[in-house]
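*Asks:* The structure file query28.csv (CSV, C-alpha atoms) is provided below.
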chain,number,residue,atom,x,y,z
Y,1,MET,CA,2.9,-18.4,-18.1
Y,2,GLN,CA,0.4,-15.6,-17.6
Y,3,ILE,CA,-0.6,-14.6,-14.2
Y,4,PRO,CA,-4.2,-16.0,-13.8
Y,5,GLU,CA,-6.7,-13.5,-15.1
Y,6,SER,CA,-8.6,-12.8,-11.8
Y,7,LEU,CA,-5.3,-12.3,-10.0
Y,8,ASP,CA,-4.0,-10.0,-12.7
Y,9,ARG,CA,-7.2,-8.0,-12.5
Y,10,LEU,CA,-6.8,-7.6,-8.7
Y,11,ILE,CA,-3.2,-6.5,-9.2
Y,12,GLN,CA,-4.4,-3.9,-11.6
Y,13,GLU,CA,-7.1,-2.6,-9.3
Y,14,PHE,CA,-4.6,-2.3,-6.4
Y,15,SER,CA,-2.2,-0.5,-8.7
Y,16,LYS,CA,-4.8,2.3,-9.2
Y,17,LEU,CA,-4.5,3.3,-5.6
Y,18,PRO,CA,-2.3,6.3,-4.9
Y,19,GLY,CA,1.3,5.4,-4.0
Y,20,ILE,CA,0.9,1.8,-4.9
Y,21,GLY,CA,3.2,0.6,-7.7
Y,22,ARG,CA,3.1,-2.7,-9.6
Y,23,LYS,CA,5.3,-4.5,-7.1
Y,24,THR,CA,3.3,-3.4,-4.0
Y,25,ALA,CA,0.1,-4.2,-5.8
Y,26,GLN,CA,1.4,-7.7,-6.5
Y,27,ARG,CA,2.4,-8.1,-2.9
Y,28,LEU,CA,-1.1,-7.0,-1.7
Y,29,ALA,CA,-2.8,-9.3,-4.3
Y,30,PHE,CA,-0.7,-12.3,-3.2
Y,31,SER,CA,-1.6,-11.5,0.4
Y,32,MET,CA,-5.3,-11.6,-0.5
Y,33,LEU,CA,-4.7,-15.2,-1.6
Y,34,GLN,CA,-3.6,-16.1,1.9
Y,35,TYR,CA,-6.7,-14.5,3.4
Y,36,THR,CA,-9.7,-16.6,4.3
Y,37,PRO,CA,-12.8,-16.0,2.2
Y,38,VAL,CA,-14.4,-14.3,5.3
Y,39,GLU,CA,-11.4,-11.9,5.7
Y,40,ALA,CA,-11.6,-11.0,2.0
Y,41,GLU,CA,-15.3,-10.4,2.3
Y,42,HIS,CA,-14.7,-8.1,5.3
Y,43,LEU,CA,-12.3,-6.0,3.2
Y,44,ALA,CA,-14.6,-5.9,0.1
Y,45,GLU,CA,-17.6,-5.0,2.3
Y,46,ALA,CA,-15.7,-2.2,4.1
Y,47,ILE,CA,-14.9,-0.7,0.7
Y,48,LEU,CA,-18.5,-0.8,-0.5
Y,49,GLU,CA,-19.9,0.4,2.8
Y,50,VAL,CA,-17.6,3.4,3.0
Y,51,LYS,CA,-18.9,4.5,-0.5
Y,52,GLN,CA,-22.5,4.0,0.6
Y,53,ARG,CA,-22.3,5.7,4.0
Y,54,ILE,CA,-19.7,8.5,3.8
Y,55,ARG,CA,-20.8,11.8,2.3
Y,56,TYR,CA,-19.7,15.4,2.5
Y,57,CYS,CA,-21.3,17.6,5.2
Y,58,SER,CA,-23.5,20.2,3.4
Y,59,ASN,CA,-22.3,22.9,5.7
Y,60,CYS,CA,-18.5,22.4,6.1
Y,61,PHE,CA,-17.8,19.6,3.5
Y,62,ALA,CA,-16.1,17.3,6.0
Y,63,PHE,CA,-16.5,13.5,5.5
Y,64,THR,CA,-19.5,12.4,7.5
Y,65,GLU,CA,-22.1,9.7,7.9
Y,66,GLU,CA,-24.7,12.3,9.1
Y,67,ASP,CA,-25.6,15.6,7.5
Y,68,PRO,CA,-24.7,18.1,9.0
Y,69,CYS,CA,-21.6,16.5,10.4
Y,70,LEU,CA,-21.1,15.8,14.1
Y,71,ILE,CA,-18.8,18.8,14.4
Y,72,CYS,CA,-21.3,21.3,12.9
Y,73,GLN,CA,-24.0,19.8,15.1
Y,74,ASP,CA,-22.0,20.0,18.3
Y,75,PRO,CA,-23.2,22.9,20.6
Y,76,ARG,CA,-20.2,22.5,22.8
Y,77,ARG,CA,-17.8,23.6,20.0
Y,78,ASP,CA,-17.1,27.2,19.4
Y,79,HIS,CA,-19.2,28.3,16.5
Y,80,SER,CA,-17.5,31.7,16.3
Y,81,LEU,CA,-14.3,30.1,14.9
Y,82,ILE,CA,-13.9,28.5,11.5
Y,83,CYS,CA,-10.7,26.7,10.5
Y,84,VAL,CA,-10.3,26.6,6.7
Y,85,VAL,CA,-8.6,23.6,5.2
Y,86,GLU,CA,-8.0,22.3,1.7
Y,87,GLN,CA,-9.1,18.7,2.0
Y,88,PRO,CA,-11.6,16.8,4.2
Y,89,ASN,CA,-8.9,14.5,5.6
Y,90,ASN,CA,-6.9,17.5,6.9
Y,91,ILE,CA,-9.6,17.8,9.6
Y,92,PHE,CA,-8.6,14.4,11.1
Y,93,SER,CA,-5.0,15.6,11.5
Y,94,ILE,CA,-6.2,18.7,13.4
Y,95,GLU,CA,-8.8,16.8,15.5
Y,96,LYS,CA,-6.2,14.2,16.5
Y,97,SER,CA,-4.1,17.0,18.1
Y,98,GLY,CA,-7.2,18.2,20.1
Y,99,VAL,CA,-5.9,21.8,19.7
Y,100,PHE,CA,-9.0,23.2,18.0
Y,101,GLN,CA,-12.5,23.4,19.3
Y,102,GLY,CA,-14.2,25.5,16.6
Y,103,LEU,CA,-15.8,24.5,13.3
Y,104,TYR,CA,-14.2,23.7,9.9
Y,105,HIS,CA,-14.6,24.6,6.3
Y,106,VAL,CA,-13.2,22.4,3.6
Y,107,LEU,CA,-12.4,24.3,0.4
Y,108,MET,CA,-12.0,21.0,-1.6
Y,109,GLY,CA,-8.7,22.1,-3.1
Y,110,ALA,CA,-6.5,25.1,-3.5
Y,111,ILE,CA,-6.4,27.9,-6.0
Y,112,SER,CA,-4.2,26.9,-9.0
Y,113,PRO,CA,-4.7,29.0,-12.1
Y,114,LEU,CA,-2.6,26.7,-14.2
Y,115,ASP,CA,-4.9,23.8,-13.5
Y,116,GLY,CA,-8.0,26.0,-14.1
Y,117,ILE,CA,-8.9,26.0,-10.4
Y,118,GLY,CA,-10.2,29.3,-9.1
Y,119,PRO,CA,-12.6,30.3,-6.3
Y,120,ASP,CA,-15.6,29.0,-8.3
Y,121,GLN,CA,-14.1,25.5,-8.4
Y,122,LEU,CA,-13.7,25.6,-4.7
Y,123,LYS,CA,-16.2,25.9,-1.8
Y,124,PHE,CA,-15.5,29.6,-1.6
Y,125,ARG,CA,-19.1,30.9,-2.1
Y,126,GLU,CA,-20.2,28.5,0.6
Y,127,LEU,CA,-17.6,30.0,3.0
Y,128,GLU,CA,-18.7,33.5,2.1
Y,129,GLN,CA,-22.2,32.6,3.0
Y,130,ARG,CA,-21.2,31.2,6.4
Y,131,LEU,CA,-19.6,34.6,7.2
Y,132,GLU,CA,-22.9,36.4,6.5
Y,133,GLY,CA,-24.3,36.6,9.9
Y,134,ASP,CA,-22.2,37.9,12.7
Y,135,GLU,CA,-21.7,34.6,14.5
Y,136,VAL,CA,-18.2,33.9,13.0
Y,137,GLN,CA,-15.5,36.0,14.7
Y,138,GLU,CA,-12.4,34.4,13.4
Y,139,LEU,CA,-11.3,32.6,10.3
Y,140,ILE,CA,-8.1,30.5,10.8
Y,141,LEU,CA,-6.4,29.8,7.4
Y,142,ALA,CA,-4.9,26.3,7.6
Y,143,THR,CA,-4.3,25.7,3.9
Y,144,HIS,CA,-1.0,23.9,3.2
Y,145,PRO,CA,2.3,25.8,3.5
Y,146,THR,CA,2.8,25.3,-0.3
Y,147,VAL,CA,2.7,27.8,-3.2
Y,148,LYS,CA,-1.0,26.9,-3.9
Y,149,GLY,CA,-1.9,26.9,-0.2
Y,150,GLU,CA,-0.3,30.3,0.2
Y,151,ALA,CA,-2.0,31.7,-2.9
Y,152,THR,CA,-5.3,30.4,-1.5
Y,153,ALA,CA,-4.7,32.0,1.9
Y,154,LEU,CA,-3.8,35.3,0.3
Y,155,PHE,CA,-6.9,35.2,-1.8
Y,156,LEU,CA,-9.2,34.5,1.2
Y,157,GLN,CA,-7.5,37.2,3.2
Y,158,GLN,CA,-8.1,39.8,0.4
Y,159,ALA,CA,-11.7,38.6,-0.2
Y,160,PHE,CA,-12.7,38.9,3.4
Y,161,GLU,CA,-10.6,41.8,4.7
Y,162,SER,CA,-13.5,44.2,4.4
Y,163,LYS,CA,-15.7,42.0,6.6
Y,164,HIS,CA,-15.9,42.2,10.3
Y,165,VAL,CA,-14.2,38.8,10.7
Y,166,LYS,CA,-10.6,38.5,12.1
Y,167,ILE,CA,-8.4,36.5,9.7
Y,168,THR,CA,-5.4,34.5,11.0
Y,169,ARG,CA,-2.9,32.0,9.5
Y,170,LEU,CA,-1.2,29.1,11.3
Y,171,ALA,CA,2.3,30.0,12.5
Y,172,ARG,CA,5.2,28.9,10.4
Y,173,GLY,CA,8.5,27.8,11.9
Y,174,ILE,CA,10.7,24.8,12.8
Y,175,PRO,CA,8.6,21.7,13.7
Y,176,ALA,CA,8.8,20.2,17.2
Y,177,GLY,CA,11.2,17.4,17.6
Y,178,GLY,CA,13.0,18.4,14.3
Y,179,ASP,CA,16.8,18.7,14.0
Y,180,LEU,CA,18.0,22.1,12.8
Y,181,GLU,CA,20.3,20.3,10.4
Y,182,TYR,CA,17.3,18.9,8.5
Y,183,VAL,CA,15.2,22.1,8.4
Y,184,ASP,CA,15.1,23.6,4.9
Y,185,ASP,CA,16.1,27.2,4.2
Y,186,VAL,CA,12.6,28.6,3.6
Y,187,THR,CA,11.4,27.2,7.0
Y,188,LEU,CA,14.5,28.6,8.7
Y,189,ILE,CA,14.0,32.1,7.2
Y,190,GLU,CA,10.4,32.0,8.4
Y,191,ALA,CA,11.4,30.8,11.8
Y,192,PHE,CA,13.8,33.7,12.1
Y,193,SER,CA,11.4,36.4,10.8
Y,194,GLY,CA,8.6,35.0,13.0
Y,195,ARG,CA,10.8,34.7,16.1
Y,196,GLN,CA,9.2,35.5,19.5
Y,197,ARG,CA,10.6,36.8,22.8
Y,198,PHE,CA,11.5,33.8,24.9
Y,199,ASN,CA,11.0,35.7,28.2
Y,200,LYS,CA,7.3,36.1,27.5
Y,201,GLY,CA,6.7,38.5,30.4
Y,202,GLU,CA,8.7,41.2,28.7
Y,203,VAL,CA,6.8,41.1,25.4
B,1,MET,CA,-14.3,14.2,16.4
B,2,GLN,CA,-14.1,10.5,15.8
B,3,ILE,CA,-13.3,9.3,12.2
B,4,PRO,CA,-16.8,8.2,10.9
B,5,GLU,CA,-17.3,4.5,11.8
B,6,SER,CA,-17.4,3.1,8.2
B,7,LEU,CA,-14.2,5.0,7.3
B,8,ASP,CA,-12.4,3.8,10.4
B,9,ARG,CA,-13.4,0.2,9.6
B,10,LEU,CA,-11.9,0.5,6.1
B,11,ILE,CA,-8.7,2.0,7.6
B,12,GLN,CA,-8.5,-1.0,9.9
B,13,GLU,CA,-9.1,-3.5,7.1
B,14,PHE,CA,-6.4,-1.9,5.0
B,15,SER,CA,-4.0,-1.9,8.0
B,16,LYS,CA,-4.2,-5.7,8.0
B,17,LEU,CA,-2.5,-5.9,4.7
B,18,PRO,CA,1.3,-6.7,4.8
B,19,GLY,CA,3.5,-3.6,4.8
B,20,ILE,CA,0.6,-1.2,5.1
B,21,GLY,CA,0.8,0.9,8.3
B,22,ARG,CA,-1.8,3.1,9.8
B,23,LYS,CA,-0.8,6.2,7.8
B,24,THR,CA,-0.8,4.4,4.4
B,25,ALA,CA,-4.1,2.7,5.3
B,26,GLN,CA,-5.6,6.1,6.0
B,27,ARG,CA,-4.3,7.4,2.7
B,28,LEU,CA,-5.8,4.4,0.8
B,29,ALA,CA,-9.1,4.8,2.6
B,30,PHE,CA,-9.3,8.5,1.8
B,31,SER,CA,-8.5,7.7,-1.8
B,32,MET,CA,-11.5,5.3,-1.8
B,33,LEU,CA,-13.7,8.3,-0.9
B,34,GLN,CA,-12.6,10.0,-4.1
B,35,TYR,CA,-13.4,6.9,-6.1
B,36,THR,CA,-16.7,6.7,-8.0
B,37,PRO,CA,-19.1,4.0,-6.6
B,38,VAL,CA,-18.4,2.0,-9.8
B,39,GLU,CA,-14.6,2.1,-9.3
B,40,ALA,CA,-15.0,1.0,-5.7
B,41,GLU,CA,-17.2,-1.9,-6.8
B,42,HIS,CA,-14.5,-3.0,-9.3
B,43,LEU,CA,-12.0,-3.2,-6.5
B,44,ALA,CA,-14.4,-5.0,-4.1
B,45,GLU,CA,-15.4,-7.5,-6.9
B,46,ALA,CA,-11.8,-8.1,-7.9
B,47,ILE,CA,-11.0,-9.1,-4.2
B,48,LEU,CA,-14.0,-11.5,-4.0
B,49,GLU,CA,-13.4,-13.0,-7.4
B,50,VAL,CA,-9.8,-13.8,-6.7
B,51,LYS,CA,-10.8,-15.7,-3.7
B,52,GLN,CA,-13.5,-17.6,-5.6
B,53,ARG,CA,-11.4,-18.4,-8.7
B,54,ILE,CA,-7.8,-18.9,-7.6
B,55,ARG,CA,-6.8,-22.3,-6.1
B,56,TYR,CA,-3.6,-24.3,-5.8
B,57,CYS,CA,-2.7,-26.7,-8.6
B,58,SER,CA,-3.0,-30.2,-7.2
B,59,ASN,CA,0.2,-31.2,-8.9
B,60,CYS,CA,2.7,-28.4,-8.4
B,61,PHE,CA,0.7,-26.1,-6.0
B,62,ALA,CA,1.0,-23.0,-8.2
B,63,PHE,CA,-1.8,-20.4,-8.1
B,64,THR,CA,-4.2,-21.3,-10.8
B,65,GLU,CA,-7.8,-21.0,-12.1
B,66,GLU,CA,-7.7,-24.5,-13.7
B,67,ASP,CA,-6.5,-27.7,-12.1
B,68,PRO,CA,-3.9,-28.9,-13.1
B,69,CYS,CA,-2.4,-25.5,-13.9
B,70,LEU,CA,-1.6,-24.3,-17.3
B,71,ILE,CA,2.1,-25.0,-16.8
B,72,CYS,CA,1.6,-28.6,-15.7
B,73,GLN,CA,-0.9,-29.1,-18.7
B,74,ASP,CA,1.5,-27.6,-21.3
B,75,PRO,CA,3.0,-30.3,-23.5
B,76,ARG,CA,5.6,-27.9,-24.9
B,77,ARG,CA,7.2,-27.4,-21.5
B,78,ASP,CA,10.0,-29.7,-20.5
B,79,HIS,CA,8.5,-32.2,-18.1
B,80,SER,CA,11.9,-33.7,-17.2
B,81,LEU,CA,12.8,-30.5,-15.2
B,82,ILE,CA,11.3,-29.5,-11.9
B,83,CYS,CA,12.2,-26.2,-10.3
B,84,VAL,CA,11.5,-26.2,-6.6
B,85,VAL,CA,10.4,-22.9,-5.0
B,86,GLU,CA,9.1,-21.9,-1.6
B,87,GLN,CA,6.0,-19.9,-2.4
B,88,PRO,CA,3.5,-19.8,-5.3
B,89,ASN,CA,4.3,-16.2,-6.2
B,90,ASN,CA,8.0,-17.1,-6.7
B,91,ILE,CA,6.9,-18.8,-10.0
B,92,PHE,CA,5.8,-15.4,-11.4
B,93,SER,CA,9.3,-14.0,-10.9
B,94,ILE,CA,10.9,-16.9,-12.7
B,95,GLU,CA,8.3,-16.9,-15.5
B,96,LYS,CA,8.7,-13.2,-16.1
B,97,SER,CA,12.4,-13.7,-16.9
B,98,GLY,CA,11.5,-16.4,-19.4
B,99,VAL,CA,14.6,-18.3,-18.5
B,100,PHE,CA,13.0,-21.6,-17.5
B,101,GLN,CA,10.8,-23.9,-19.6
B,102,GLY,CA,10.3,-26.8,-17.2
B,103,LEU,CA,7.7,-27.5,-14.5
B,104,TYR,CA,7.6,-26.2,-10.9
B,105,HIS,CA,6.9,-27.6,-7.5
B,106,VAL,CA,5.9,-25.2,-4.6
B,107,LEU,CA,6.9,-26.4,-1.2
B,108,MET,CA,4.6,-23.9,0.5
B,109,GLY,CA,7.3,-22.7,2.9
B,110,ALA,CA,10.8,-23.6,4.0
B,111,ILE,CA,12.1,-25.9,6.8
B,112,SER,CA,12.2,-24.1,10.1
B,113,PRO,CA,12.5,-26.3,13.1
B,114,LEU,CA,12.0,-23.4,15.5
B,115,ASP,CA,8.6,-22.6,14.0
B,116,GLY,CA,7.7,-26.3,14.0
B,117,ILE,CA,7.9,-26.5,10.2
B,118,GLY,CA,9.5,-29.7,8.9
B,119,PRO,CA,9.1,-31.7,5.7
B,120,ASP,CA,5.6,-32.9,6.8
B,121,GLN,CA,4.3,-29.4,7.0
B,122,LEU,CA,5.6,-28.8,3.4
B,123,LYS,CA,4.7,-30.3,0.1
B,124,PHE,CA,7.6,-32.7,0.4
B,125,ARG,CA,5.8,-36.0,0.0
B,126,GLU,CA,4.1,-34.6,-3.1
B,127,LEU,CA,7.5,-33.8,-4.6
B,128,GLU,CA,8.8,-37.3,-3.7
B,129,GLN,CA,5.8,-38.8,-5.5
B,130,ARG,CA,6.5,-36.7,-8.6
B,131,LEU,CA,10.0,-38.2,-8.7
B,132,GLU,CA,8.8,-41.8,-8.7
B,133,GLY,CA,8.6,-42.5,-12.4
B,134,ASP,CA,11.7,-41.8,-14.5
B,135,GLU,CA,10.3,-38.8,-16.3
B,136,VAL,CA,12.0,-36.2,-14.1
B,137,GLN,CA,15.8,-35.9,-14.9
B,138,GLU,CA,16.7,-32.7,-12.9
B,139,LEU,CA,15.5,-31.0,-9.8
B,140,ILE,CA,16.6,-27.3,-9.7
B,141,LEU,CA,16.5,-26.0,-6.1
B,142,ALA,CA,15.4,-22.4,-6.2
B,143,THR,CA,14.6,-21.9,-2.5
B,144,HIS,CA,15.5,-18.5,-1.2
B,145,PRO,CA,19.2,-17.7,-0.4
B,146,THR,CA,18.4,-17.4,3.3
B,147,VAL,CA,19.1,-19.7,6.3
B,148,LYS,CA,15.7,-21.4,6.0
B,149,GLY,CA,16.0,-21.7,2.2
B,150,GLU,CA,19.5,-23.1,2.4
B,151,ALA,CA,18.4,-25.6,5.1
B,152,THR,CA,15.5,-26.7,2.9
B,153,ALA,CA,17.8,-27.1,-0.1
B,154,LEU,CA,20.2,-29.2,1.9
B,155,PHE,CA,17.4,-31.4,3.2
B,156,LEU,CA,16.1,-32.0,-0.3
B,157,GLN,CA,19.6,-32.7,-1.6
B,158,GLN,CA,20.1,-35.4,1.1
B,159,ALA,CA,16.6,-36.8,0.7
B,160,PHE,CA,16.9,-37.3,-3.0
B,161,GLU,CA,20.6,-38.0,-3.5
B,162,SER,CA,20.0,-41.8,-3.7
B,163,LYS,CA,17.6,-41.3,-6.6
B,164,HIS,CA,18.5,-41.2,-10.2
B,165,VAL,CA,17.6,-37.5,-10.4
B,166,LYS,CA,20.2,-34.8,-10.9
B,167,ILE,CA,20.0,-32.0,-8.2
B,168,THR,CA,21.2,-28.5,-8.9
B,169,ARG,CA,21.0,-25.2,-7.1
B,170,LEU,CA,20.7,-21.7,-8.6
B,171,ALA,CA,24.1,-20.0,-8.8
B,172,ARG,CA,25.0,-17.5,-6.1
B,173,GLY,CA,27.1,-14.4,-6.8
B,174,ILE,CA,26.9,-10.6,-7.4
B,175,PRO,CA,23.6,-9.5,-9.0
B,176,ALA,CA,23.6,-8.0,-12.5
B,177,GLY,CA,23.7,-4.2,-12.4
B,178,GLY,CA,24.8,-4.1,-8.8
B,179,ASP,CA,27.6,-2.0,-7.5
B,180,LEU,CA,30.4,-3.8,-5.7
B,181,GLU,CA,30.2,-1.2,-3.0
B,182,TYR,CA,26.7,-2.3,-2.0
B,183,VAL,CA,27.3,-6.1,-2.2
B,184,ASP,CA,27.3,-7.7,1.3
B,185,ASP,CA,30.2,-9.8,2.5
B,186,VAL,CA,28.5,-13.2,2.3
B,187,THR,CA,27.6,-12.6,-1.4
B,188,LEU,CA,31.1,-11.4,-2.1
B,189,ILE,CA,32.6,-14.5,-0.5
B,190,GLU,CA,30.2,-16.7,-2.5
B,191,ALA,CA,31.0,-14.8,-5.7
B,192,PHE,CA,34.8,-15.4,-5.1
B,193,SER,CA,34.5,-19.1,-4.2
B,194,GLY,CA,32.1,-19.6,-7.2
B,195,ARG,CA,34.3,-17.6,-9.6
B,196,GLN,CA,34.5,-19.0,-13.2
B,197,ARG,CA,37.1,-18.7,-15.9
B,198,PHE,CA,36.4,-15.7,-18.0
B,199,ASN,CA,38.0,-17.2,-21.1
B,200,LYS,CA,35.6,-20.0,-21.3
B,201,GLY,CA,37.4,-21.8,-24.1
B,202,GLU,CA,40.2,-22.7,-21.6
B,203,VAL,CA,38.0,-24.3,-18.9
Take the structure in the file and write it out as structure tokens.

*Replies:*
Amino acid sequence: MQIPESLDRLIQEFSKLPGIGRKTAQRLAFSMLQYTPVEAEHLAEAILEVKQRIRYCSNCFAFTEEDPCLICQDPRRDHSLICVVEQPNNIFSIEKSGVFQGLYHVLMGAISPLDGIGPDQLKFRELEQRLEGDEVQELILATHPTVKGEATALFLQQAFESKHVKITRLARGIPAGGDLEYVDDVTLIEAFSGRQRFNKGEV
Amino acid sequence: MQIPESLDRLIQEFSKLPGIGRKTAQRLAFSMLQYTPVEAEHLAEAILEVKQRIRYCSNCFAFTEEDPCLICQDPRRDHSLICVVEQPNNIFSIEKSGVFQGLYHVLMGAISPLDGIGPDQLKFRELEQRLEGDEVQELILATHPTVKGEATALFLQQAFESKHVKITRLARGIPAGGDLEYVDDVTLIEAFSGRQRFNKGEV
């Protein structure tokens, strides 16, 4: 017996989602069959609505329902700081921690010559423009700690070093709550080379 | 910053799916933002369509778009064999193997007194009715090899032992391709007690 056509189509649609294989897609599709029609409509509507309502902020390229986004609009945030990230969803991770009260700039990717992605494929010119006035004092590079992320950070550092703006990069080291046994060599080397005096008064 | 409302709602809807936690729901929701509107519509439509088109077969309770289902309708299948399973999706697993050419009966669960689930909450009477004529020769119990599944199999065996029908249960033992090291004790005990002569000619 074939799986009924409409069920098979739903399994295929779920399989297209990232990290969802055939088995998980089947499990999700079967669970939809247990849903009430109203619950299924809620999910379908939520999918359509997110496409209709979410856009990119024209200033910082965050996900937003209003343009410019609520962060760019907020006068209480520090407009002299811009944190540069690769993807719009990176902003949610940083916001969740509550550690940063400045603005963001999403590059929409990272430099990767092998994939044909250079500054022109990213929101680099738009970042350059935001640095034109003298409002921005510091650019915090929060690209991922990967080869592409590092290359991107290096590129931005070189591109803007002649400007008045201070350029910083997020600290590298062992993560909080981690066990030394599970920390990889590169992280350990960086944690050693970036070590700081414990007795801060003496620094 | 709050996650935009429509995005947050989609994350919540995805979180309701089985086995999908908050992090995975976020990843799925973010991936929807990268979808084109047409792709998102395909997914939403597939969800709605499956609810509209899929129903339970009134004879065997399989998922189907036609009633009775294609298996119950098929004259080439062996109508003297009924394989009893707990859930409609179990049928797909068995059909995929191609090992079985009879009909099915979905109980819609397993007996579980603690959860208040007895024969009356399952499709037990419907199975009893299907055994009334003398067409059905064998009932193959394929409920799960769990406590509930075993209890259900035992109940069915006792309920139907006075009938003319032959009752069998799927063989238990070590799975193909498994490593003895990873086989649990219960399975190993069952594999020993159910051992068969290797030189079949001598049995």

*Asks:* Tell me the residues of chain B close to chain Y, meaning within 6 Å using all atoms listed in the file, as an MDAnalysis selection string.

*Replies:* chainID B and resid 6:7 10 13 43:44 46 50

*Asks:* When you draw a straight line from CA of Leu131 (chain B) to CA of Ala153 (chain B), how long is it in Å?

*Replies:*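 Computing the Euclidean distance for CA of Leu131 (chain B) and CA of Ala153 (chain B) yields 16.1 Å.
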
*Asks:* (-9.8, 29.3, -5.1) in this file's frame - what residues fall within 10 Å of it? Use all atoms listed in the file and give the answer as a short mmCIF file (atom, residue, chain, number, x, y, z; two decimals) with C-alpha atoms, in the coordinates of the input.

*Replies:*
data_model
loop_
_atom_site.label_atom_id
_atom_site.label_comp_id
_atom_site.auth_asym_id
_atom_site.auth_seq_id
_atom_site.Cartn_x
_atom_site.Cartn_y
_atom_site.Cartn_z
CA GLU Y 86 -8.00 22.30 1.70
CA LEU Y 107 -12.40 24.30 0.40
CA MET Y 108 -12.00 21.00 -1.60
CA GLY Y 109 -8.70 22.10 -3.10
CA ALA Y 110 -6.50 25.10 -3.50
CA ILE Y 111 -6.40 27.90 -6.00
CA SER Y 112 -4.20 26.90 -9.00
CA PRO Y 113 -4.70 29.00 -12.10
CA GLY Y 116 -8.00 26.00 -14.10
CA ILE Y 117 -8.90 26.00 -10.40
CA GLY Y 118 -10.20 29.30 -9.10
CA PRO Y 119 -12.60 30.30 -6.30
CA ASP Y 120 -15.60 29.00 -8.30
CA GLN Y 121 -14.10 25.50 -8.40
CA LEU Y 122 -13.70 25.60 -4.70
CA LYS Y 123 -16.20 25.90 -1.80
CA PHE Y 124 -15.50 29.60 -1.60
CA ARG Y 125 -19.10 30.90 -2.10
CA LYS Y 148 -1.00 26.90 -3.90
CA GLY Y 149 -1.90 26.90 -0.20
CA ALA Y 151 -2.00 31.70 -2.90
CA THR Y 152 -5.30 30.40 -1.50
CA ALA Y 153 -4.70 32.00 1.90
CA PHE Y 155 -6.90 35.20 -1.80
CA LEU Y 156 -9.20 34.50 1.20
#

*Asks:* Work out how far apart CA of Thr168 (chain Y) and CA of Phe100 (chain Y) are and give it in Å to one decimal.

*Replies:*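 Distance between the two atoms: 13.8 Å.
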
*Asks:* Take CA of Gly173 (chain Y) and CA of Arg195 (chain Y) and report the distance between them in Å, one decimal.

*Replies:*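 Value for the CA of Gly173 (chain Y)-CA of Arg195 (chain Y) distance: 8.4 Å.
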
*Asks:* Put the listed atoms of region 159-167 of chain B in a box along x, y and z with 6 Å added on every side and give me the centre and edge lengths in Å to one decimal, as JSON.

*Replies:*
{"center_x": 18.6, "center_y": -36.9, "center_z": -5.1, "size_x": 16.0, "size_y": 21.8, "size_z": 23.6}

*Asks:* Which one is closest to Ala159 (chain B): B:Leu188, B:Leu127, B:Gly177, B:Asp78? Count all atoms listed in the file.

*Replies:*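 The answer is B:Leu127, which sits nearest to Ala159 (chain B).
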
*Asks:* Determine the nearest neighbour of Thr143 (chain B) from the options B:Gln73, B:Gln87, B:Ser80, B:Thr187, counting all atoms listed in the file.

*Replies:* B:Gln87

*Asks:* Could you tell me which of B:Pro145, B:Ala62, B:Gly133, B:Asp67 comes closest to Val106 (chain B) if we count only C-alpha atoms?

*Replies:*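 Selected residue with least distance to Val106 (chain B): B:Ala62.
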
*Asks:* Could you give me region 47-56 of chain Y completed to N, CA and C atoms, formatted as a PDB file, keeping the file's coordinate frame?

*Replies:*
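Final file, selection-v2.pdb:
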ATOM      1  N   ILE Y  47     -15.046  -1.617   1.798  1.00  0.00           N
ATOM      2  CA  ILE Y  47     -14.900  -0.700   0.700  1.00  0.00           C
ATOM      3  C   ILE Y  47     -16.232  -0.221   0.161  1.00  0.00           C
ATOM      4  N   LEU Y  48     -17.173  -1.177   0.014  1.00  0.00           N
ATOM      5  CA  LEU Y  48     -18.500  -0.800  -0.500  1.00  0.00           C
ATOM      6  C   LEU Y  48     -19.248   0.056   0.497  1.00  0.00           C
ATOM      7  N   GLU Y  49     -19.104  -0.287   1.777  1.00  0.00           N
ATOM      8  CA  GLU Y  49     -19.900   0.400   2.800  1.00  0.00           C
ATOM      9  C   GLU Y  49     -19.415   1.872   2.927  1.00  0.00           C
ATOM     10  N   VAL Y  50     -18.110   2.081   2.813  1.00  0.00           N
ATOM     11  CA  VAL Y  50     -17.600   3.400   3.000  1.00  0.00           C
ATOM     12  C   VAL Y  50     -18.177   4.321   1.846  1.00  0.00           C
ATOM     13  N   LYS Y  51     -18.329   3.733   0.642  1.00  0.00           N
ATOM     14  CA  LYS Y  51     -18.900   4.500  -0.500  1.00  0.00           C
ATOM     15  C   LYS Y  51     -20.375   4.795  -0.222  1.00  0.00           C
ATOM     16  N   GLN Y  52     -21.071   3.828   0.405  1.00  0.00           N
ATOM     17  CA  GLN Y  52     -22.500   4.000   0.600  1.00  0.00           C
ATOM     18  C   GLN Y  52     -22.776   5.014   1.753  1.00  0.00           C
ATOM     19  N   ARG Y  53     -21.944   4.956   2.804  1.00  0.00           N
ATOM     20  CA  ARG Y  53     -22.300   5.700   4.000  1.00  0.00           C
ATOM     21  C   ARG Y  53     -21.640   7.065   4.150  1.00  0.00           C
ATOM     22  N   ILE Y  54     -20.435   7.229   3.581  1.00  0.00           N
ATOM     23  CA  ILE Y  54     -19.700   8.500   3.800  1.00  0.00           C
ATOM     24  C   ILE Y  54     -20.170   9.529   2.718  1.00  0.00           C
ATOM     25  N   ARG Y  55     -20.540  10.713   3.179  1.00  0.00           N
ATOM     26  CA  ARG Y  55     -20.800  11.800   2.300  1.00  0.00           C
ATOM     27  C   ARG Y  55     -20.137  13.063   2.762  1.00  0.00           C
ATOM     28  N   TYR Y  56     -20.312  14.169   2.028  1.00  0.00           N
ATOM     29  CA  TYR Y  56     -19.700  15.400   2.500  1.00  0.00           C
ATOM     30  C   TYR Y  56     -20.802  16.175   3.293  1.00  0.00           C
TER      31      TYR Y  56
END
